[in-house]
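Shown here: data29.txt, compact mmCIF, C-alpha atoms.
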```txt
# COMPACT_ATOMS: atom_id res chain seq x y z
CA PHE C 1 123.63 122.44 86.36
CA ILE C 2 125.35 121.31 83.18
CA VAL C 3 124.71 123.06 79.87
CA GLY C 4 125.12 120.92 76.76
CA PRO C 5 126.46 122.03 73.37
CA THR C 6 122.94 122.72 72.03
CA GLY C 7 121.95 124.81 75.04
CA ASP C 8 120.07 122.04 76.85
CA PHE C 9 120.69 122.10 80.56
CA TYR C 10 120.68 119.27 83.06
CA PHE C 11 120.81 118.95 86.81
CA MET C 12 123.62 116.71 88.05
CA GLU C 13 123.58 115.47 91.62
CA ILE C 14 126.93 114.94 93.27
CA ASN C 15 126.62 112.77 96.33
CA THR C 16 129.84 111.67 97.98
CA ARG C 17 128.24 109.63 100.74
CA LEU C 18 127.80 105.91 100.56
CA GLN C 19 124.27 105.04 99.43
CA VAL C 20 122.10 102.89 101.66
CA GLU C 21 121.81 100.35 98.83
CA HIS C 22 125.56 99.65 98.92
CA PRO C 23 125.01 96.03 100.09
CA VAL C 24 123.61 95.22 96.62
CA THR C 25 126.85 96.44 95.02
CA GLU C 26 128.90 94.59 97.62
CA MET C 27 127.10 91.30 96.95
CA VAL C 28 127.60 91.43 93.19
CA THR C 29 131.19 92.73 93.25
CA GLY C 30 132.57 91.12 96.40
CA LEU C 31 134.00 94.52 97.40
CA ASP C 32 133.41 95.89 100.90
CA LEU C 33 132.62 99.51 100.05
CA VAL C 34 132.62 100.67 103.66
CA GLU C 35 136.08 99.18 104.24
CA LEU C 36 137.38 100.76 101.04
CA GLN C 37 135.96 104.15 102.04
CA LEU C 38 137.64 103.93 105.46
CA ARG C 39 140.98 102.87 103.96
CA ILE C 40 140.89 105.75 101.50
CA ALA C 41 140.00 108.16 104.33
CA ALA C 42 143.05 106.78 106.19
CA GLY C 43 145.26 107.77 103.26
CA GLN C 44 145.49 104.61 101.18
CA ARG C 45 145.18 104.99 97.45
CA LEU C 46 142.26 103.40 95.64
CA THR C 47 144.66 102.19 92.94
CA ASP C 48 146.48 100.15 95.61
CA LEU C 49 143.25 98.64 96.93
CA VAL C 50 141.31 97.78 93.78
CA PRO C 51 142.76 96.98 90.35
CA GLN C 52 141.93 99.80 87.97
CA ARG C 53 140.06 97.79 85.38
CA PRO C 54 136.38 96.93 85.11
CA VAL C 55 135.24 95.33 88.35
CA PRO C 56 133.87 91.86 87.65
CA THR C 57 130.34 91.22 88.80
CA ARG C 58 128.58 87.99 89.60
CA GLY C 59 124.90 87.27 89.77
CA HIS C 60 122.05 89.49 90.86
CA ALA C 61 121.21 91.09 94.21
CA ILE C 62 117.99 92.62 95.53
CA GLU C 63 117.41 94.74 98.62
CA VAL C 64 114.11 95.33 100.39
CA ARG C 65 113.37 97.26 103.53
CA LEU C 66 111.29 95.70 106.26
CA TYR C 67 109.23 98.51 107.78
CA ALA C 68 106.75 98.92 110.60
CA GLU C 69 104.10 100.33 108.31
CA ASP C 70 100.62 99.50 107.07
CA PRO C 71 100.48 99.06 103.29
CA GLU C 72 96.67 98.88 103.44
CA ARG C 73 96.55 102.38 104.95
CA ASP C 74 98.79 104.19 102.47
CA PHE C 75 101.93 102.80 104.16
CA LEU C 76 101.21 104.72 107.35
CA PRO C 77 104.23 104.30 109.66
CA GLY C 78 103.63 102.15 112.69
CA SER C 79 104.99 101.99 116.20
CA GLY C 80 104.98 99.54 119.06
CA HIS C 81 107.01 96.82 120.71
CA LEU C 82 108.49 94.11 118.52
CA GLU C 83 106.89 91.26 120.45
CA MET C 84 108.42 88.73 118.07
CA LEU C 85 111.09 89.30 115.46
CA ARG C 86 112.27 86.32 113.45
CA LEU C 87 114.51 87.12 110.51
CA PRO C 88 116.09 84.64 108.10
CA ALA C 89 119.51 83.32 109.04
CA PRO C 90 122.32 85.28 107.38
CA THR C 91 124.30 83.33 104.79
CA ALA C 92 126.68 84.19 101.98
CA ASP C 93 123.58 84.99 99.90
CA VAL C 94 121.30 86.49 102.58
CA ARG C 95 122.37 89.64 104.42
CA LEU C 96 120.47 91.49 107.12
CA ASP C 97 121.25 95.00 108.28
CA ALA C 98 119.10 95.65 111.34
CA GLY C 99 119.11 98.18 114.13
CA VAL C 100 116.47 96.56 116.33
CA VAL C 101 115.97 93.25 118.10
CA GLU C 102 112.98 91.43 119.51
CA GLY C 103 111.52 93.41 122.40
CA ASP C 104 112.65 96.79 121.09
CA LEU C 105 110.22 99.64 120.68
CA VAL C 106 109.64 101.10 117.22
CA THR C 107 108.77 104.70 118.01
CA VAL C 108 107.13 107.52 116.10
CA TYR C 109 110.28 109.61 116.61
CA TYR C 110 112.50 107.70 114.18
CA ASP C 111 112.30 105.97 110.82
CA PRO C 112 110.19 102.81 111.33
CA MET C 113 112.66 100.60 109.44
CA ILE C 114 113.15 97.25 111.13
CA ALA C 115 115.82 95.85 108.82
CA LYS C 116 117.22 95.79 105.32
CA LEU C 117 117.11 92.35 103.72
CA ILE C 118 119.56 91.82 100.87
CA VAL C 119 119.68 88.61 98.85
CA HIS C 120 121.94 87.33 96.08
CA GLY C 121 121.42 84.71 93.40
CA SER C 122 123.15 83.52 90.25
CA ASP C 123 120.60 85.50 88.21
CA ARG C 124 117.42 87.55 88.75
CA PRO C 125 115.04 84.56 89.02
CA ALA C 126 117.32 82.90 91.59
CA ALA C 127 117.59 86.13 93.59
CA LEU C 128 113.80 86.58 93.55
CA LYS C 129 113.31 82.99 94.71
CA ARG C 130 115.78 83.54 97.54
CA LEU C 131 114.00 86.80 98.46
CA ARG C 132 110.62 85.07 98.59
CA ARG C 133 112.06 82.31 100.79
CA ALA C 134 113.67 84.86 103.14
CA LEU C 135 110.44 86.85 103.39
CA ALA C 136 108.50 83.63 104.12
CA GLU C 137 110.91 83.01 107.04
CA THR C 138 110.34 86.51 108.42
CA VAL C 139 107.93 86.94 111.32
CA ILE C 140 107.17 90.32 112.84
CA VAL C 141 104.62 90.50 115.66
CA GLY C 142 103.81 93.87 117.18
CA PRO C 143 103.48 96.80 114.85
CA LYS C 144 101.99 96.05 111.43
CA SER C 145 104.71 95.47 108.84
CA ASN C 146 105.18 95.45 105.08
CA VAL C 147 106.42 91.84 104.89
CA GLU C 148 103.26 90.46 103.24
CA PHE C 149 103.26 93.35 100.77
CA LEU C 150 106.89 92.63 99.85
CA GLU C 151 106.04 88.94 99.37
CA ARG C 152 103.25 89.88 96.94
CA LEU C 153 105.44 92.43 95.18
CA SER C 154 108.27 89.91 94.70
CA ARG C 155 105.84 87.65 92.79
CA HIS C 156 104.18 90.40 90.76
CA PRO C 157 104.70 89.86 86.99
CA ALA C 158 106.18 93.33 86.46
CA VAL C 159 108.82 92.64 89.14
CA VAL C 160 109.49 89.09 87.98
CA ASP C 161 109.87 90.24 84.35
CA ALA C 162 111.72 93.46 85.31
CA THR C 163 109.22 95.58 83.36
CA PHE C 164 108.53 98.11 86.12
CA ASP C 165 109.86 101.62 86.69
CA THR C 166 110.13 103.90 89.70
CA SER C 167 106.56 105.13 89.36
CA TYR C 168 105.04 101.69 88.69
CA LEU C 169 103.44 101.41 92.13
CA ASP C 170 101.97 104.90 91.80
CA ARG C 171 100.03 103.58 88.81
CA HIS C 172 99.39 99.96 89.88
CA LEU C 173 99.30 99.85 93.69
CA ALA C 174 95.70 98.64 93.85
CA GLU C 175 96.53 95.76 91.51
CA VAL C 176 99.50 94.69 93.65
CA MET C 177 97.50 95.05 96.87
CA GLN C 178 94.71 92.82 95.49
CA GLN C 179 97.11 90.11 94.35
CA ASP C 180 96.84 86.80 96.23
CA GLY C 181 98.86 87.09 99.43
CA GLY C 182 99.74 83.41 99.79
CA VAL C 183 103.32 82.18 99.48
CA PRO C 184 103.79 79.86 96.49
CA GLN C 185 104.88 76.34 97.35
CA GLU C 186 108.08 76.48 95.30
CA VAL C 187 109.62 79.00 97.70
CA VAL C 188 108.90 77.43 101.06
```
Written form, structure tokens:
Amino acid sequence: FIVGPTGDFYFMEINTRLQVEHPVTEMVTGLDLVELQLRIAAGQRLTDLVPQRPVPTRGHAIEVRLYAEDPERDFLPGSGHLEMLRLPAPTADVRLDAGVVEGDLVTVYYDPMIAKLIVHGSDRPAALKRLRRALAETVIVGPKSNVEFLERLSRHPAVVDATFDTSYLDRHLAEVMQQDGGVPQEVV
């Protein structure tokens, strides 16, 4: 806890591990955070690896997680064989971090994540368009997945306009779920 000068106190979390969203940072900075972490652990100095001035950023990146889950049943985790798994081709602006391949079994014993999909664009609208295109190219047959939900969410006005917060879906899930599930023509 931290106590401020007026007696207010705050909880501060110190987390020295690399966050699972690090690909977003990597795409906008061009820095490989895992490589930097390993080099520092091997004894190299950060000041020798990265200039000590503000790190320039470029564009906008978005990460979504493709899960074996059923959004229509309160995101109940799913299991089963991945009978078909087609993911978008990786490019400089589309990254996939996956731990399964077609034919694998998604079990109830582990997190039902199929892959993380990370996209980059020159700005937020370009990144959202790239995300929608990548989701439209994604095919998962076997356990139910959240791909269609993510497609709808990526077109939702609050996401497009960046007017949502971390509890937005708690308040508006029904609205997002009822939104038209078709993929707009401009992204296919």
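Non-sequential neighbours of range 18-35 of chain C (distance at most 10 Å, separation of 6 or more positions within a chain, all atoms listed in the file) are Ala41, Val50, Val55, Pro56, Thr57, Arg58, Gly59, His60, Ala61, Ile62, Glu63, Val64, Ala92, Asp93, Val94, Arg95, Leu96, Asp97, Lys116, Leu117, Ile118, Val119, His120, Gly121 and Ser122 of chain C.
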Problem - Close residues, Leu153 in chain C itself excluded, 12 Å, all atoms listed in the file, min 2 positions apart in chain, as a ChimeraX atom specification - result: /C:64,71,128,131-132,135,146-151,155-162,164,168-169,172-183
Handout entry: Computed interatomic separation between CA of Gly103 in chain C and CA of His81 in chain C (Å)
Key = 5.9 Å
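Across the structure, CA of Leu76 in chain C and CA of Asp111 in chain C are spaced 11.7 Å apart.
Taking CA of Met84 in chain C and CA of Asp70 in chain C as endpoints, the distance between them is 17.3 Å.
With distances restricted to all atoms listed in the file, C:Pro112 is the closest residue to Gly80 in chain C from C:Pro125, C:Pro112, C:Gly43, C:Gly7.
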